[in-house]
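J.: So that we are looking at the same thing, I have put the structure below in structure tokens.
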Amino acid sequence: MLRFPRKILIAVAILISVLLLSFLFGRHYDLSQAKQQAELQVGQLRNYLDTELSRFATIPHLVTDNQLLTAFLSDTDQPVQPINNYLADIQQASGASDVYVLNREGDVIASSNWQLDYSYIGNNFAFRPYFYQALAGNKIAYFALGLRSKERGIYFSEPIYRDGQVIGVVTLKVNVSKFETDRQLLNASHASHFYLSLDDNIIAMSDSPSWRLNSLHSLTAADYQHFTTSRRYLEYVPKVITAEHIISQGMPLLYVNDANKRSKYVPASAPIERLNAKITVLVDISSVNINQLGRLFWLSVIYAGGLMLFYSLMARFAGYKKLLFSRHSLEQEVIERTHALEKAQTALVQTAKLATIGQLSAGINHEINQPLSAMSTYLVSAKRLIAKGDIAKAAENIVIVQSLIERVHKIVGQLKHFSKPAQTQLREQSLSQLLKNAMVIASAQLKQDDVNVNAADIADTVKVWVDGIKFEQVLVNVITNASQAMADSTVRELSFEIEQFDDRVKLSILDTGPGIELHALGTIFEPFYSTKSTNGLGLGLSISKQIINSFNGCLSAHNRPGGGAQFIITLASTKGAL
């Protein structure tokens with residue numbers, strides 16, 4: 001009988017034990033990494049969706065404030081075309097799919113797609129929950145299949161009031177495919193999948209087409225009856241995708257049979273409260289066991305080589321063996337720490353991208369809200385002037401509205417550049433003209449707050465080295481903030497002061513409001529800080545300071561001795577002063 005030396009048997013036993021432990025540890029490590037990746041990505045997707053949904057949810061409220069619209073709902077004999085054009089402008093500026101208005105009976109009486117073959121005008125959507133719940137006075141975000149387009153969409157609805165009574169409903173629709181396409185902005189891994197499931201366990205959104213409008217959970221007869229009566233999915237009958245939820249090594253896993261393929265995933269979920277839904281990211285771990293083979297092979301090679309070296313040098317180089325082992329351990333530690341640093345850097349870059357996307361998505365609505373309000377005011381004024389026969393003044397108002405529309409388009413056009421690195425276009429600009437442009441946009445807010453403006457006497461020769469559009473955005477933000485701050489003040493006066501020194505220009509914007517609370521002076525320019533309890537995300541002043549810094553300027557604020565706040569903008573007057 002063949003007998004192996006005892007040392008060889010021990011070495012083989014040790015190798016088998018090491019390989020087994022390495023397999024278990026490596027598998028657990030890969031699963032943990034997949035879990036961390038899933039949790040990171042689901043957090044990114046949740047922040048992105050919450051920001052986008054919040055942005056779209058504010059638009060219907062903006063439309064309900066349009067006086068021309070409320071007048072049209074009260075008297076439908078008025079021409080509908082101005083309303084259609086207004087809704088079309090809102091749709092294009094916001095990036096929504098459609099914007100339309102329904103009367104109390106659920107009939108669409110005005111729509112942004114009035115000129116298209118599938119126009120909603122004349123359709124009745126009274127059976128939709130987003131209509132009858134909004135008619136009851138609620139603000140709604142609801143997912144459903146479009147009756148005409150058959151496309152998946154999220155509907156944002158809000159009631160239109162007049163004299164305290166609901167006279168209609170405005171609805172904004174966003175195609176779900178927009179969010180599925182925009183996922184590439186998040187730089188998410190291609191080795192993962194995601195889906196958004198509603199409260200009825202139906203998948204409303206996913207990067208996997210075969211999962212859309214189907215379910216990974218079992219459905220009962222009552223569920224199918226509910227689908228039929230609610231007409232949420234029209235005639236489509238959701239299917240059940242074969243899936244199995246298990247727990248392995250204390251970690252939840254999901255097995256999915258799709259297209260004759262069985263895949264294994266590590267899931268991570270987060271709630272999307274606005275839709276009463278849940279976003280889930282699945283990281284594919286189907287090949288996690290196979291991936292261990294490479295590690296085991298190299299571990300075996302290293303083990304065999306080390307064992308041979310150990311036996312050959314053990315007798316004469318015991319000290320050298322210890323030194324070699326220490327060196328090897330140090331190299332492994334350096335490699336592991338380097339890998340950890342690379343992972344941390346990647347996570348920071350990804351977090352920065354998401355923070356920027358979130359700021360821009362929420363901020364663009366803030367930046368265009370004032371010119372839209374101004375447009376509404378000038379249009380109402382033009383209508384009255386036309387009724388009085390004063391065509392010349394009405395034409396002047398329309399010219400102003402046209403310039404405001406061009407202004408909004410320019411602001412919105414910058415959004416596509418914000419998601420990638422771009423240089424600020426600095427030029428020598430007339431400070432007087434920039435301030436006039438900003439006052440045109442802010443005039444509606446100033447008039448609404450009954451603010452008296454002491455116009456600044458600025459010579460045309462006063463120049464500043466800025467990006468004109470971005471600087472006007474800063475001026476509008478600071479002016480409108482000052483106007484709103486004076487809303488409850490007895491004296492409401494806005495004034496400007498100009499100083500020039502050493503190739504620099506200092507513009508001061510002064511108000512007679514309550515001033516800035518002392519504890520807020522150090523945090524007023526930080527992101528998400530806001531004194532408004534219900535409106536605003538607290539990004540306006542933060543973005544404004546970033547813009548002024550990009551001009552090599554300075555934006556600061558303090559309280560005036562006599563009461564009120566003073567915002568100071570210091571800029572270079574020439575390129576050479578930068």
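How things are named: the first chain in the structure tokens is A, the next is B, and so on; residues count from 1 in each chain; ligands count from 1 in the order shown.
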Please provide as a PyMOL selection string all residues within 10 Å of Arg274 (chain A), with the sequence filter that same-chain residues fewer than 3 positions apart are discarded (counting only C-alpha atoms).
T.: chain A and resi 49-50+53-54+57+140-142+271+277
J.: Using backbone DSSP assignments, extract all strand (DSSP E or B) residues from region 147-365 of chain A; output them as a PyMOL selection string.
T.: chain A and resi 152-162+165-175+192-197+203-206+215+240+243-248+251-258+261-272+277-284
J.: Name all residues at most 9 Å from Ile548 (chain A) (count only C-alpha atoms; drop same-chain ones fewer than 3 positions away) and give them as a VMD selection string.
T.: chain A and resid 466 470 to 471 474 543 to 545 551 to 555 569 to 571
J.: Might you pull out every residue within 8 Å of region 286-302 of chain A, with only C-alpha atoms counted and same-chain residues fewer than 3 positions away left off, and present them as a list in words?
T.: Leu15, Leu19, Ser22, Phe23, Gly26, Arg27, Asp30, Leu31, Ser263, Lys264, Tyr265, Gly305 and Gly306 of chain A
J.: Let me see the file: selected residues, C-alpha atoms, as a JSON list (two decimals), in the first residue's frame.
T.:
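Final output, saved to again_34.json:
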```
[["chain", "number", "residue", "atom", "x", "y", "z"],
["A", 15, "LEU", "CA", -3.93, 23.81, 1.47],
["A", 19, "LEU", "CA", -8.69, 27.19, -0.12],
["A", 22, "SER", "CA", -10.45, 31.66, 1.07],
["A", 23, "PHE", "CA", -13.49, 30.64, -0.95],
["A", 26, "GLY", "CA", -13.84, 35.78, -0.84],
["A", 27, "ARG", "CA", -17.49, 35.00, -1.52],
["A", 30, "ASP", "CA", -17.75, 39.99, -2.87],
["A", 31, "LEU", "CA", -21.30, 39.81, -1.53],
["A", 263, "SER", "CA", -29.92, 35.45, -12.29],
["A", 264, "LYS", "CA", -28.92, 36.12, -8.71],
["A", 265, "TYR", "CA", -28.87, 39.63, -7.21],
["A", 305, "GLY", "CA", 5.82, 28.18, -4.29],
["A", 306, "GLY", "CA", 6.01, 29.40, -0.75]]
```
J.: Got a sec: who's within 9 Å of Asn124 (chain A), counting only C-alpha atoms, leaving out chain neighbours fewer than 4 positions off, as an MDAnalysis selection string?
T.: chainID A and resid 102 105:108 120
J.: Could you check which of A:Leu372, A:Leu324, A:Ala456, A:Ala71 is closest to Tyr86 (chain A), using only C-alpha atoms?
T.: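 For Tyr86 (chain A), the nearest of the given residues is A:Leu372.
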J.: Identify, on the basis of only C-alpha atoms, every residue whose closest approach to Ser192 (chain A) does not exceed 12 Å; exclude the query and any residue fewer than 4 positions from it along the same chain; express the result as JSON, numbers by chain.
T.: {"A": [34, 35, 37, 38, 39, 40, 41, 42, 183, 187, 188, 206, 207, 208, 263, 264, 265, 266, 267, 268, 280, 281, 282, 283, 284, 285, 286]}
J.: Please save N, CA, C and O atoms of the selected residues as an mmCIF file, in the first residue's frame.
T.:
```
data_model
loop_
_atom_site.group_PDB
_atom_site.id
_atom_site.type_symbol
_atom_site.label_atom_id
_atom_site.label_comp_id
_atom_site.auth_asym_id
_atom_site.auth_seq_id
_atom_site.Cartn_x
_atom_site.Cartn_y
_atom_site.Cartn_z
ATOM 1 N N ALA A 34 -20.910 43.915 -3.128
ATOM 2 C CA ALA A 34 -22.109 44.085 -3.953
ATOM 3 C C ALA A 34 -23.210 44.778 -3.160
ATOM 4 O O ALA A 34 -23.936 45.629 -3.699
ATOM 5 N N LYS A 35 -23.343 44.419 -1.877
ATOM 6 C CA LYS A 35 -24.344 45.066 -1.026
ATOM 7 C C LYS A 35 -24.040 46.553 -0.867
ATOM 8 O O LYS A 35 -24.946 47.398 -0.962
ATOM 9 N N GLN A 37 -22.333 48.414 -2.926
ATOM 10 C CA GLN A 37 -22.584 49.050 -4.222
ATOM 11 C C GLN A 37 -24.081 49.285 -4.424
ATOM 12 O O GLN A 37 -24.495 50.350 -4.904
ATOM 13 N N ALA A 38 -24.901 48.295 -4.073
ATOM 14 C CA ALA A 38 -26.350 48.440 -4.229
ATOM 15 C C ALA A 38 -26.883 49.570 -3.350
ATOM 16 O O ALA A 38 -27.707 50.381 -3.794
ATOM 17 N N GLU A 39 -26.413 49.642 -2.091
ATOM 18 C CA GLU A 39 -26.884 50.691 -1.188
ATOM 19 C C GLU A 39 -26.440 52.069 -1.659
ATOM 20 O O GLU A 39 -27.190 53.047 -1.545
ATOM 21 N N LEU A 40 -25.207 52.162 -2.183
ATOM 22 C CA LEU A 40 -24.734 53.446 -2.705
ATOM 23 C C LEU A 40 -25.565 53.891 -3.900
ATOM 24 O O LEU A 40 -26.018 55.038 -3.979
ATOM 25 N N GLN A 41 -25.805 52.968 -4.831
ATOM 26 C CA GLN A 41 -26.557 53.327 -6.037
ATOM 27 C C GLN A 41 -28.016 53.631 -5.730
ATOM 28 O O GLN A 41 -28.604 54.533 -6.334
ATOM 29 N N VAL A 42 -28.623 52.885 -4.792
ATOM 30 C CA VAL A 42 -30.024 53.166 -4.485
ATOM 31 C C VAL A 42 -30.150 54.536 -3.802
ATOM 32 O O VAL A 42 -31.146 55.244 -4.000
ATOM 33 N N ARG A 183 -30.768 58.013 -16.256
ATOM 34 C CA ARG A 183 -29.963 57.262 -15.297
ATOM 35 C C ARG A 183 -28.480 57.310 -15.662
ATOM 36 O O ARG A 183 -27.611 57.212 -14.807
ATOM 37 N N ASN A 187 -23.953 57.768 -13.782
ATOM 38 C CA ASN A 187 -22.774 56.923 -13.990
ATOM 39 C C ASN A 187 -22.909 55.610 -13.227
ATOM 40 O O ASN A 187 -21.964 55.123 -12.603
ATOM 41 N N ALA A 188 -24.136 55.043 -13.225
ATOM 42 C CA ALA A 188 -24.383 53.801 -12.489
ATOM 43 C C ALA A 188 -23.737 52.625 -13.205
ATOM 44 O O ALA A 188 -23.526 52.634 -14.406
ATOM 45 N N SER A 206 -37.996 50.655 -14.876
ATOM 46 C CA SER A 206 -36.859 49.741 -14.771
ATOM 47 C C SER A 206 -35.985 49.880 -16.001
ATOM 48 O O SER A 206 -36.450 50.243 -17.083
ATOM 49 N N ASP A 207 -34.686 49.579 -15.812
ATOM 50 C CA ASP A 207 -33.795 49.557 -16.964
ATOM 51 C C ASP A 207 -33.922 48.246 -17.730
ATOM 52 O O ASP A 207 -33.350 48.108 -18.808
ATOM 53 N N SER A 208 -34.665 47.284 -17.186
ATOM 54 C CA SER A 208 -34.925 46.012 -17.869
ATOM 55 C C SER A 208 -36.323 46.067 -18.491
ATOM 56 O O SER A 208 -37.324 46.039 -17.766
ATOM 57 N N SER A 263 -30.928 34.504 -12.772
ATOM 58 C CA SER A 263 -29.919 35.450 -12.290
ATOM 59 C C SER A 263 -30.071 35.632 -10.790
ATOM 60 O O SER A 263 -31.165 35.510 -10.229
ATOM 61 N N LYS A 264 -28.944 35.932 -10.153
ATOM 62 C CA LYS A 264 -28.921 36.122 -8.705
ATOM 63 C C LYS A 264 -28.444 37.538 -8.401
ATOM 64 O O LYS A 264 -27.453 38.009 -8.962
ATOM 65 N N TYR A 265 -29.160 38.224 -7.495
ATOM 66 C CA TYR A 265 -28.867 39.629 -7.212
ATOM 67 C C TYR A 265 -28.823 39.883 -5.707
ATOM 68 O O TYR A 265 -29.448 39.185 -4.911
ATOM 69 N N VAL A 266 -28.059 40.933 -5.369
ATOM 70 C CA VAL A 266 -28.116 41.515 -4.027
ATOM 71 C C VAL A 266 -28.953 42.786 -4.130
ATOM 72 O O VAL A 266 -28.600 43.704 -4.892
ATOM 73 N N PRO A 267 -30.088 42.865 -3.411
ATOM 74 C CA PRO A 267 -30.956 44.040 -3.532
ATOM 75 C C PRO A 267 -30.695 45.074 -2.433
ATOM 76 O O PRO A 267 -30.199 44.760 -1.352
ATOM 77 N N ALA A 268 -31.058 46.317 -2.753
ATOM 78 C CA ALA A 268 -31.096 47.407 -1.765
ATOM 79 C C ALA A 268 -32.236 48.323 -2.168
ATOM 80 O O ALA A 268 -32.366 48.671 -3.339
ATOM 81 N N THR A 280 -35.542 50.123 -6.019
ATOM 82 C CA THR A 280 -34.674 49.002 -5.664
ATOM 83 C C THR A 280 -33.558 48.871 -6.691
ATOM 84 O O THR A 280 -33.806 48.958 -7.899
ATOM 85 N N VAL A 281 -32.344 48.690 -6.213
ATOM 86 C CA VAL A 281 -31.181 48.434 -7.074
ATOM 87 C C VAL A 281 -30.745 46.992 -6.854
ATOM 88 O O VAL A 281 -30.637 46.531 -5.706
ATOM 89 N N LEU A 282 -30.513 46.270 -7.963
ATOM 90 C CA LEU A 282 -30.072 44.883 -7.907
ATOM 91 C C LEU A 282 -28.678 44.775 -8.514
ATOM 92 O O LEU A 282 -28.486 45.129 -9.677
ATOM 93 N N VAL A 283 -27.720 44.299 -7.731
ATOM 94 C CA VAL A 283 -26.356 44.082 -8.227
ATOM 95 C C VAL A 283 -26.205 42.603 -8.529
ATOM 96 O O VAL A 283 -26.429 41.745 -7.665
ATOM 97 N N ASP A 284 -25.820 42.295 -9.765
ATOM 98 C CA ASP A 284 -25.730 40.908 -10.227
ATOM 99 C C ASP A 284 -24.550 40.196 -9.556
ATOM 100 O O ASP A 284 -23.417 40.659 -9.600
ATOM 101 N N ILE A 285 -24.859 39.062 -8.915
ATOM 102 C CA ILE A 285 -23.800 38.250 -8.276
ATOM 103 C C ILE A 285 -23.865 36.815 -8.806
ATOM 104 O O ILE A 285 -23.432 35.882 -8.114
ATOM 105 N N SER A 286 -24.402 36.647 -10.025
ATOM 106 C CA SER A 286 -24.556 35.302 -10.572
ATOM 107 C C SER A 286 -23.219 34.580 -10.720
ATOM 108 O O SER A 286 -23.137 33.358 -10.606
#
```
J.: Give me, as a list in words, all polymer residues having an atom no more than 8 Å from Ser112 (chain A), counting only C-alpha atoms and skipping those fewer than 4 positions away in the same chain.
T.: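 Contacts, with the query itself left out: Asn84, Asn85, Tyr86, Leu87, Ala88, Asp89, Gln91, Asp98, Val99 and Tyr100 of chain A.
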J.: Would you output that residue set with N, CA, C and O atoms, as a PDB file, in the first residue's frame?
T.:
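Once written, result-v4.pdb looks like this:
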```
ATOM      1  N   ASN A  84     -53.415  77.695 -24.530  1.00  0.00           N
ATOM      2  CA  ASN A  84     -52.662  76.602 -25.141  1.00  0.00           C
ATOM      3  C   ASN A  84     -51.190  76.976 -25.322  1.00  0.00           C
ATOM      4  O   ASN A  84     -50.287  76.177 -25.052  1.00  0.00           O
ATOM      5  N   ASN A  85     -50.966  78.192 -25.811  1.00  0.00           N
ATOM      6  CA  ASN A  85     -49.582  78.640 -26.019  1.00  0.00           C
ATOM      7  C   ASN A  85     -48.826  78.738 -24.691  1.00  0.00           C
ATOM      8  O   ASN A  85     -47.651  78.389 -24.597  1.00  0.00           O
ATOM      9  N   TYR A  86     -49.513  79.240 -23.657  1.00  0.00           N
ATOM     10  CA  TYR A  86     -48.888  79.344 -22.333  1.00  0.00           C
ATOM     11  C   TYR A  86     -48.508  77.966 -21.807  1.00  0.00           C
ATOM     12  O   TYR A  86     -47.393  77.766 -21.298  1.00  0.00           O
ATOM     13  N   LEU A  87     -49.412  77.008 -21.934  1.00  0.00           N
ATOM     14  CA  LEU A  87     -49.118  75.653 -21.470  1.00  0.00           C
ATOM     15  C   LEU A  87     -47.983  75.033 -22.280  1.00  0.00           C
ATOM     16  O   LEU A  87     -47.160  74.278 -21.736  1.00  0.00           O
ATOM     17  N   ALA A  88     -47.935  75.316 -23.585  1.00  0.00           N
ATOM     18  CA  ALA A  88     -46.851  74.788 -24.411  1.00  0.00           C
ATOM     19  C   ALA A  88     -45.501  75.356 -23.969  1.00  0.00           C
ATOM     20  O   ALA A  88     -44.488  74.648 -23.941  1.00  0.00           O
ATOM     21  N   ASP A  89     -45.485  76.651 -23.598  1.00  0.00           N
ATOM     22  CA  ASP A  89     -44.239  77.251 -23.100  1.00  0.00           C
ATOM     23  C   ASP A  89     -43.807  76.597 -21.786  1.00  0.00           C
ATOM     24  O   ASP A  89     -42.609  76.318 -21.573  1.00  0.00           O
ATOM     25  N   GLN A  91     -44.507  73.567 -20.848  1.00  0.00           N
ATOM     26  CA  GLN A  91     -44.062  72.198 -21.159  1.00  0.00           C
ATOM     27  C   GLN A  91     -42.629  72.196 -21.692  1.00  0.00           C
ATOM     28  O   GLN A  91     -41.797  71.386 -21.277  1.00  0.00           O
ATOM     29  N   ASP A  98     -46.412  66.689 -21.214  1.00  0.00           N
ATOM     30  CA  ASP A  98     -47.627  67.435 -21.537  1.00  0.00           C
ATOM     31  C   ASP A  98     -48.076  68.203 -20.310  1.00  0.00           C
ATOM     32  O   ASP A  98     -47.826  67.794 -19.169  1.00  0.00           O
ATOM     33  N   VAL A  99     -48.764  69.320 -20.549  1.00  0.00           N
ATOM     34  CA  VAL A  99     -49.410  70.090 -19.495  1.00  0.00           C
ATOM     35  C   VAL A  99     -50.806  70.424 -19.997  1.00  0.00           C
ATOM     36  O   VAL A  99     -50.960  70.949 -21.107  1.00  0.00           O
ATOM     37  N   TYR A 100     -51.843  70.118 -19.202  1.00  0.00           N
ATOM     38  CA  TYR A 100     -53.204  70.378 -19.665  1.00  0.00           C
ATOM     39  C   TYR A 100     -54.101  70.746 -18.497  1.00  0.00           C
ATOM     40  O   TYR A 100     -53.777  70.519 -17.334  1.00  0.00           O
TER      41      TYR A 100
END
```
J.: So, with only C-alpha atoms as the atoms that count, which of A:Arg231, A:Lys239, A:Ala144, A:Phe501 lies closest to Met205 (chain A)?
T.: A:Ala144
J.: Here is a test: counting only C-alpha atoms, which residue of A:Ala96, A:Leu385, A:Ile109, A:Ile167 is nearest to Thr64 (chain A)?
T.: A:Ile167
J.: For Ala304 (chain A), which residue out of A:Glu497, A:Val12, A:Thr574, A:Val451 is the nearest one, using only C-alpha atoms?
T.: A:Val12
J.: Quick one, how far is CA of Leu216 (chain A) from CA of His245 (chain A)?
T.: 9.7 Å
J.: Select from region 102-203 of chain A everything DSSP, run on the backbone, classes as helix (DSSP H, G or I), then give the selection as a list in words.
T.: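 The residues of region 102-203 of chain A classed as helix (DSSP H, G or I) are Pro129, Tyr130, Phe131, Tyr132, Gln133, Ala134, Leu135, Ser177, Lys178, Phe179, Glu180, Thr181, Asp182, Arg183, Gln184, Leu185 and Leu186 of chain A.
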